[in-house]
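Report on the structure given below.
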Amino acid sequence: MNRDLRCDKLFRETGFIYTYAYGRAGIKLLYGKAENLLRTWDVYVVCGMMILTVYAQFLSLFFRVGLAAFIIVSIGAVLCILYLVSTDSAGGSKVEADRSKLRNAIVLVGTFGILLWTNIVPQHYDTYLYHAQAIRWIEEYGVVPGLANLHFRFAYNSAFLSLQALFSFVWVNGRSLHTVNGFIVVFMLGYAVTSFRQNRKKEIQTSSLLKLGMLAYFFYISVHISSPNTDIPSLLLLFYICIKWSEFAERKTSALPYGFLCLLCVYAATIKLSTAIFVILTVYPAWDLIQHKQWKQIRNHIIVGILVVLPYLVRNVIISGFLIYPYPEIDFFNVDWKMSKQTAYTDRQEIIAWARGNQDIGRYQESINEWFSEWFMSIHVLWRILFVIAIITAMVLLTIIVRDIIQHKNRPEDTLGVVSIIGVIFWLLSAPLPRYGVVYMMFVPCITIGMSTHNDILRKYVENKIYVRLNKAIDIGLMCVVVLYGVCYFLYGHFAQCGTQTLFVQNDYQDYDIIEEGIDGIIISGAVEGDQTGYRPFPAIPYSGVIKSIELRGDDLSEGFRVKQ
């Protein structure tokens, strides 16, 4: 069997084993006897992903993330399994899944399509701009001081890239696999399809609508599944949080499991900072736990939250000199490798301006009245429709929430609704690029419809048969989405775009023409055209002119870079 194929299968087969083992052990240690509240396979897998990401980041602070890192994590997985075998008397996790043959077939077809998409050459622009190079740095050195001086986009420092480096298997044959996003999509697909069900009251559930929305989102990201980009893991994680939050609310679960979802919110923020707004969800379980004086659980969640965010913040400081980038106003560290504040300010202004549909960074201070109409007309008509739907349903949702407040109802759905509305507003006013905000625009209508169908007044005027028909329509739509996703690769990807690529062996990163220049005796590669360099030339920068303004802090790359004085 081809070695590349063996590597690819190695990740796919070990990914679930590792995440499940670490996740289940982590849940057991954190919650003890209360573990039963979170005893589902999907919780274990997503918790394991969080633990492995934190591990990869911590290790990168001291060593390269390569063979030794994988050996250590493998030994840890064995220890987790031994711990679970010796302490678990419940006989396995509760799998809340639809076991019908049709559903299993749907998952199989969808998984096959996702694996094919994962095999293609990465298509995402930013992957060749900085993702691939950032992964290469983690594989080669872990983290080095002042890396953002070499390429300011390294300062974005997504925790996901450390996880990708851990499972790239570059140490096997020198090729860095880009499979982690494919693994995440397969996991989310399996969770959404197997847990999708109608409730006994024949009501439309918020969680079901969100699952259908997530499956639709798979279409949008399909061409980028093979790329190690940070949008997919962060936004799918938000989908998972909202779905699971809704499931807990529908089952009237106690507040404790919501605390775990809040830890996932912190984790999502370390993957992509723009998702940090969902940390506001912490208010609901925190208030409940305080009222019931569950001080031990409060302490445990705070400690774990700190452990999740700490390596991300430390890496921020080492890479850029700032605690949070691009916010140089938060400046606590006087280190010699600190990147220019002006670079951080300019980068933030550029992000805002480009997201609003113009390329003039001088317009970043414009009010919403000045830029909104131009932005609205610049986005695709589908996003315009979705945005209008989101705004209309947000007003309806706000009315429902206000009604609950007046009636002194303390429902977790209200907290989720408020945060979803804030998420749309925050996205619109900060960087309204559709690929960042598509999930926020999906959340609001799904939550609004789900909460509206539980309204007693509405139920009087809508026959129960309508709920049944709508549930069946959603069920059929879900199946069609997954089946079409499975064959989409052949209709579009393989024949129209990827005809020269191999089907069952993962294709490598694309190569670009580069030029070589020196800095203190070290060869640095630069892009001949544009600003993309890819994975192979290392170290590489988008603009060769950067070399003139920086210098090595020592004798080799491991000591990092600083701006010339």
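How things are named: the first chain in the structure tokens is A, the next is B, and so on; residues count from 1 in each chain; ligands count from 1 in the order shown.
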DSSP helix (DSSP H, G or I) residues within range 171-286 of chain A, as a ChimeraX atom specification: /A:171-173,180-194,206-224,231-251,256-271,273-286
Given only C-alpha atoms as the counted atoms, nearest of A:Gln205, A:Asn358, A:Ser195, A:Thr275 to Glu250 in chain A: A:Gln205
Polymer residues at most 10 Å from range 74-80 of chain A, only C-alpha atoms, same-chain spacing of 6 or more positions, as a ChimeraX atom specification: /A:14,17-26,68,86
Can I get the selection written as a short mmCIF file (atom, residue, chain, number, x, y, z; two decimals), in the first residue's frame, with all heavy atoms?
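Listing of part_21.cif after writing:
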```
data_model
loop_
_atom_site.label_atom_id
_atom_site.label_comp_id
_atom_site.auth_asym_id
_atom_site.auth_seq_id
_atom_site.Cartn_x
_atom_site.Cartn_y
_atom_site.Cartn_z
N THR A 14 -6.82 6.65 13.83
CA THR A 14 -6.37 6.95 15.18
C THR A 14 -7.02 8.20 15.74
O THR A 14 -7.09 8.36 16.96
CB THR A 14 -4.84 7.13 15.23
OG1 THR A 14 -4.47 8.23 14.37
CG2 THR A 14 -4.12 5.88 14.79
N ILE A 17 -9.86 7.34 18.02
CA ILE A 17 -9.36 6.61 19.19
C ILE A 17 -8.71 7.57 20.18
O ILE A 17 -8.99 7.53 21.38
CB ILE A 17 -8.36 5.52 18.76
CG1 ILE A 17 -9.06 4.48 17.88
CG2 ILE A 17 -7.73 4.86 19.98
CD1 ILE A 17 -8.12 3.45 17.29
N TYR A 18 -7.85 8.45 19.68
CA TYR A 18 -7.13 9.37 20.56
C TYR A 18 -8.08 10.37 21.20
O TYR A 18 -8.03 10.60 22.41
CB TYR A 18 -6.05 10.11 19.77
CG TYR A 18 -4.78 9.31 19.56
CD1 TYR A 18 -4.80 8.03 19.02
CD2 TYR A 18 -3.54 9.83 19.89
CE1 TYR A 18 -3.66 7.29 18.83
CE2 TYR A 18 -2.37 9.11 19.70
CZ TYR A 18 -2.44 7.84 19.16
OH TYR A 18 -1.28 7.11 18.99
N THR A 19 -8.93 11.00 20.38
CA THR A 19 -9.82 12.01 20.93
C THR A 19 -10.81 11.39 21.91
O THR A 19 -11.10 11.97 22.97
CB THR A 19 -10.60 12.72 19.81
OG1 THR A 19 -11.26 11.75 18.97
CG2 THR A 19 -9.68 13.58 18.96
N TYR A 20 -11.30 10.19 21.60
CA TYR A 20 -12.26 9.52 22.48
C TYR A 20 -11.59 9.17 23.81
O TYR A 20 -12.16 9.41 24.88
CB TYR A 20 -12.82 8.27 21.81
CG TYR A 20 -13.91 7.58 22.61
CD1 TYR A 20 -15.24 7.89 22.41
CD2 TYR A 20 -13.59 6.61 23.56
CE1 TYR A 20 -16.24 7.26 23.14
CE2 TYR A 20 -14.58 5.98 24.30
CZ TYR A 20 -15.91 6.30 24.08
OH TYR A 20 -16.89 5.68 24.81
N ALA A 21 -10.40 8.60 23.75
CA ALA A 21 -9.71 8.17 24.98
C ALA A 21 -9.40 9.37 25.88
O ALA A 21 -9.69 9.36 27.09
CB ALA A 21 -8.43 7.42 24.63
N TYR A 22 -8.80 10.40 25.29
CA TYR A 22 -8.46 11.59 26.09
C TYR A 22 -9.72 12.30 26.58
O TYR A 22 -9.78 12.77 27.72
CB TYR A 22 -7.60 12.55 25.27
CG TYR A 22 -6.13 12.21 25.29
CD1 TYR A 22 -5.55 11.50 24.24
CD2 TYR A 22 -5.32 12.61 26.34
CE1 TYR A 22 -4.20 11.18 24.25
CE2 TYR A 22 -3.96 12.30 26.36
CZ TYR A 22 -3.42 11.59 25.31
OH TYR A 22 -2.08 11.28 25.33
N GLY A 23 -10.72 12.38 25.70
CA GLY A 23 -11.93 13.09 26.08
C GLY A 23 -12.69 12.40 27.19
O GLY A 23 -13.14 13.05 28.14
N ARG A 24 -12.82 11.09 27.09
CA ARG A 24 -13.57 10.37 28.12
C ARG A 24 -12.85 10.41 29.46
O ARG A 24 -13.47 10.59 30.51
CB ARG A 24 -13.79 8.93 27.68
CG ARG A 24 -14.75 8.20 28.58
CD ARG A 24 -15.17 6.87 27.99
NE ARG A 24 -16.08 6.20 28.89
CZ ARG A 24 -16.51 4.96 28.72
NH1 ARG A 24 -16.12 4.28 27.66
NH2 ARG A 24 -17.32 4.40 29.58
N ALA A 25 -11.52 10.27 29.42
CA ALA A 25 -10.75 10.37 30.67
C ALA A 25 -10.85 11.77 31.25
O ALA A 25 -10.97 11.94 32.48
CB ALA A 25 -9.28 10.01 30.39
N GLY A 26 -10.81 12.79 30.38
CA GLY A 26 -10.91 14.16 30.85
C GLY A 26 -12.25 14.46 31.49
O GLY A 26 -12.33 15.11 32.55
N ALA A 68 8.49 12.85 18.50
CA ALA A 68 8.50 12.72 19.96
C ALA A 68 7.15 13.13 20.55
O ALA A 68 6.64 12.49 21.48
CB ALA A 68 9.62 13.57 20.55
N SER A 86 -9.90 0.48 34.23
CA SER A 86 -9.80 0.17 35.66
C SER A 86 -10.85 0.88 36.52
O SER A 86 -11.13 0.45 37.63
CB SER A 86 -8.40 0.54 36.17
OG SER A 86 -8.19 1.96 36.06
#
```
Please report as a Markdown table every residue of range 269-301 of chain A lying within 10 Å of range 306-323 of chain A, along with the nearest atom pair and their distance in Å (one decimal), using only C-alpha atoms.
```
| residue | atom | partner | partner_atom | distance |
| --- | --- | --- | --- | --- |
| A:Ala269 | CA | A:Val309 | CA | 8.5 |
| A:Thr270 | CA | A:Tyr312 | CA | 6.2 |
| A:Ile271 | CA | A:Tyr312 | CA | 8.9 |
| A:Asn300 | CA | A:Ile306 | CA | 10.0 |
| A:His301 | CA | A:Ile306 | CA | 8.5 |
```
Separation of CA of Val528 in chain A from CA of Arg136 in chain A, in Å and rounded to one decimal: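 It comes out at 20.1 Å.
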Nearest residue to Tyr345 in chain A from the set A:Ile221, A:Ile361, A:Ala286, A:Leu61 (distances using only C-alpha atoms):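 The answer is A:Ile361, which sits nearest to Tyr345 in chain A.
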Leu210 in chain A surroundings by only C-alpha atoms, 9 Å radius, close-in-sequence under 6 positions cut, as a ChimeraX atom specification: /A:239-240,242-243,246,442-443,446-447
Just to be explicit: take each residue in the selection above, keep all heavy atoms, and write the result as a PDB file, in the first residue's frame.
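Written file, again38.pdb:
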```pdb
ATOM      1  N   PHE A 239     -21.246  25.804  15.977  1.00  0.00           N
ATOM      2  CA  PHE A 239     -22.455  25.039  15.640  1.00  0.00           C
ATOM      3  C   PHE A 239     -22.703  23.951  16.690  1.00  0.00           C
ATOM      4  O   PHE A 239     -23.825  23.782  17.180  1.00  0.00           O
ATOM      5  CB  PHE A 239     -22.307  24.389  14.260  1.00  0.00           C
ATOM      6  CG  PHE A 239     -23.103  25.056  13.185  1.00  0.00           C
ATOM      7  CD1 PHE A 239     -22.487  25.590  12.065  1.00  0.00           C
ATOM      8  CD2 PHE A 239     -24.486  25.133  13.273  1.00  0.00           C
ATOM      9  CE1 PHE A 239     -23.224  26.200  11.054  1.00  0.00           C
ATOM     10  CE2 PHE A 239     -25.233  25.739  12.273  1.00  0.00           C
ATOM     11  CZ  PHE A 239     -24.602  26.280  11.160  1.00  0.00           C
ATOM     12  N   TYR A 240     -21.659  23.217  17.014  1.00  0.00           N
ATOM     13  CA  TYR A 240     -21.790  22.128  17.985  1.00  0.00           C
ATOM     14  C   TYR A 240     -22.254  22.658  19.340  1.00  0.00           C
ATOM     15  O   TYR A 240     -23.131  22.073  19.982  1.00  0.00           O
ATOM     16  CB  TYR A 240     -20.460  21.392  18.140  1.00  0.00           C
ATOM     17  CG  TYR A 240     -20.501  20.276  19.156  1.00  0.00           C
ATOM     18  CD1 TYR A 240     -20.990  19.019  18.811  1.00  0.00           C
ATOM     19  CD2 TYR A 240     -20.077  20.484  20.458  1.00  0.00           C
ATOM     20  CE1 TYR A 240     -21.048  17.990  19.744  1.00  0.00           C
ATOM     21  CE2 TYR A 240     -20.134  19.469  21.403  1.00  0.00           C
ATOM     22  CZ  TYR A 240     -20.615  18.225  21.036  1.00  0.00           C
ATOM     23  OH  TYR A 240     -20.686  17.218  21.972  1.00  0.00           O
ATOM     24  N   CYS A 242     -23.967  25.398  20.024  1.00  0.00           N
ATOM     25  CA  CYS A 242     -25.373  25.822  19.955  1.00  0.00           C
ATOM     26  C   CYS A 242     -26.320  24.626  19.897  1.00  0.00           C
ATOM     27  O   CYS A 242     -27.379  24.626  20.544  1.00  0.00           O
ATOM     28  CB  CYS A 242     -25.592  26.728  18.741  1.00  0.00           C
ATOM     29  SG  CYS A 242     -24.813  28.351  18.876  1.00  0.00           S
ATOM     30  N   ILE A 243     -25.954  23.605  19.124  1.00  0.00           N
ATOM     31  CA  ILE A 243     -26.794  22.408  19.021  1.00  0.00           C
ATOM     32  C   ILE A 243     -26.877  21.698  20.366  1.00  0.00           C
ATOM     33  O   ILE A 243     -27.966  21.333  20.836  1.00  0.00           O
ATOM     34  CB  ILE A 243     -26.244  21.456  17.947  1.00  0.00           C
ATOM     35  CG1 ILE A 243     -26.387  22.069  16.550  1.00  0.00           C
ATOM     36  CG2 ILE A 243     -26.963  20.108  17.997  1.00  0.00           C
ATOM     37  CD1 ILE A 243     -25.656  21.307  15.464  1.00  0.00           C
ATOM     38  N   SER A 246     -28.925  23.549  22.861  1.00  0.00           N
ATOM     39  CA  SER A 246     -30.354  23.366  22.590  1.00  0.00           C
ATOM     40  C   SER A 246     -30.829  21.987  23.036  1.00  0.00           C
ATOM     41  O   SER A 246     -31.931  21.848  23.584  1.00  0.00           O
ATOM     42  CB  SER A 246     -30.636  23.561  21.099  1.00  0.00           C
ATOM     43  OG  SER A 246     -30.264  24.858  20.668  1.00  0.00           O
ATOM     44  N   MET A 442     -27.056  32.096  10.380  1.00  0.00           N
ATOM     45  CA  MET A 442     -27.863  30.885  10.432  1.00  0.00           C
ATOM     46  C   MET A 442     -28.453  30.652  11.824  1.00  0.00           C
ATOM     47  O   MET A 442     -29.587  30.176  11.963  1.00  0.00           O
ATOM     48  CB  MET A 442     -27.030  29.661  10.030  1.00  0.00           C
ATOM     49  CG  MET A 442     -26.736  29.544   8.547  1.00  0.00           C
ATOM     50  SD  MET A 442     -25.807  28.014   8.229  1.00  0.00           S
ATOM     51  CE  MET A 442     -25.676  28.060   6.445  1.00  0.00           C
ATOM     52  N   PHE A 443     -27.681  30.964  12.846  1.00  0.00           N
ATOM     53  CA  PHE A 443     -28.103  30.671  14.213  1.00  0.00           C
ATOM     54  C   PHE A 443     -29.432  31.341  14.556  1.00  0.00           C
ATOM     55  O   PHE A 443     -30.340  30.721  15.107  1.00  0.00           O
ATOM     56  CB  PHE A 443     -27.045  31.123  15.218  1.00  0.00           C
ATOM     57  CG  PHE A 443     -25.786  30.308  15.208  1.00  0.00           C
ATOM     58  CD1 PHE A 443     -24.610  30.819  15.730  1.00  0.00           C
ATOM     59  CD2 PHE A 443     -25.770  29.031  14.670  1.00  0.00           C
ATOM     60  CE1 PHE A 443     -23.441  30.072  15.724  1.00  0.00           C
ATOM     61  CE2 PHE A 443     -24.601  28.271  14.655  1.00  0.00           C
ATOM     62  CZ  PHE A 443     -23.436  28.807  15.182  1.00  0.00           C
ATOM     63  N   CYS A 446     -32.729  29.870  13.014  1.00  0.00           N
ATOM     64  CA  CYS A 446     -32.963  28.521  13.544  1.00  0.00           C
ATOM     65  C   CYS A 446     -33.468  28.579  14.980  1.00  0.00           C
ATOM     66  O   CYS A 446     -34.438  27.889  15.341  1.00  0.00           O
ATOM     67  CB  CYS A 446     -31.680  27.694  13.473  1.00  0.00           C
ATOM     68  SG  CYS A 446     -31.162  27.233  11.811  1.00  0.00           S
ATOM     69  N   ILE A 447     -32.833  29.397  15.799  1.00  0.00           N
ATOM     70  CA  ILE A 447     -33.236  29.511  17.205  1.00  0.00           C
ATOM     71  C   ILE A 447     -34.610  30.160  17.319  1.00  0.00           C
ATOM     72  O   ILE A 447     -35.449  29.750  18.131  1.00  0.00           O
ATOM     73  CB  ILE A 447     -32.180  30.321  17.992  1.00  0.00           C
ATOM     74  CG1 ILE A 447     -30.855  29.544  18.031  1.00  0.00           C
ATOM     75  CG2 ILE A 447     -32.666  30.611  19.410  1.00  0.00           C
ATOM     76  CD1 ILE A 447     -29.696  30.345  18.562  1.00  0.00           C
TER      77      ILE A 447
END
```
Non-local contacts of Leu147 in chain A (10 Å; only C-alpha atoms; under 6 positions in same chain excluded) as a list in words: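 What passes the distance filter is Ala134, Trp137, Arg153, Phe154, Ala155, Ile318, Ile319, Ser320, Gly321, Trp337, Lys338, Met339, Leu557, Ser558, Glu559, Gly560, Phe561 and Arg562 of chain A.
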Residue with smallest distance to Ser420 in chain A - pool A:Leu281, A:Ile392, A:Pro542, A:Glu366, counting only C-alpha atoms: A:Leu281
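Of the listed residues A:His124, A:Arg251, A:Lys272, A:Arg536, the one whose atoms come nearest to Gly174 in chain A is A:Arg536, with distances taken using only C-alpha atoms.
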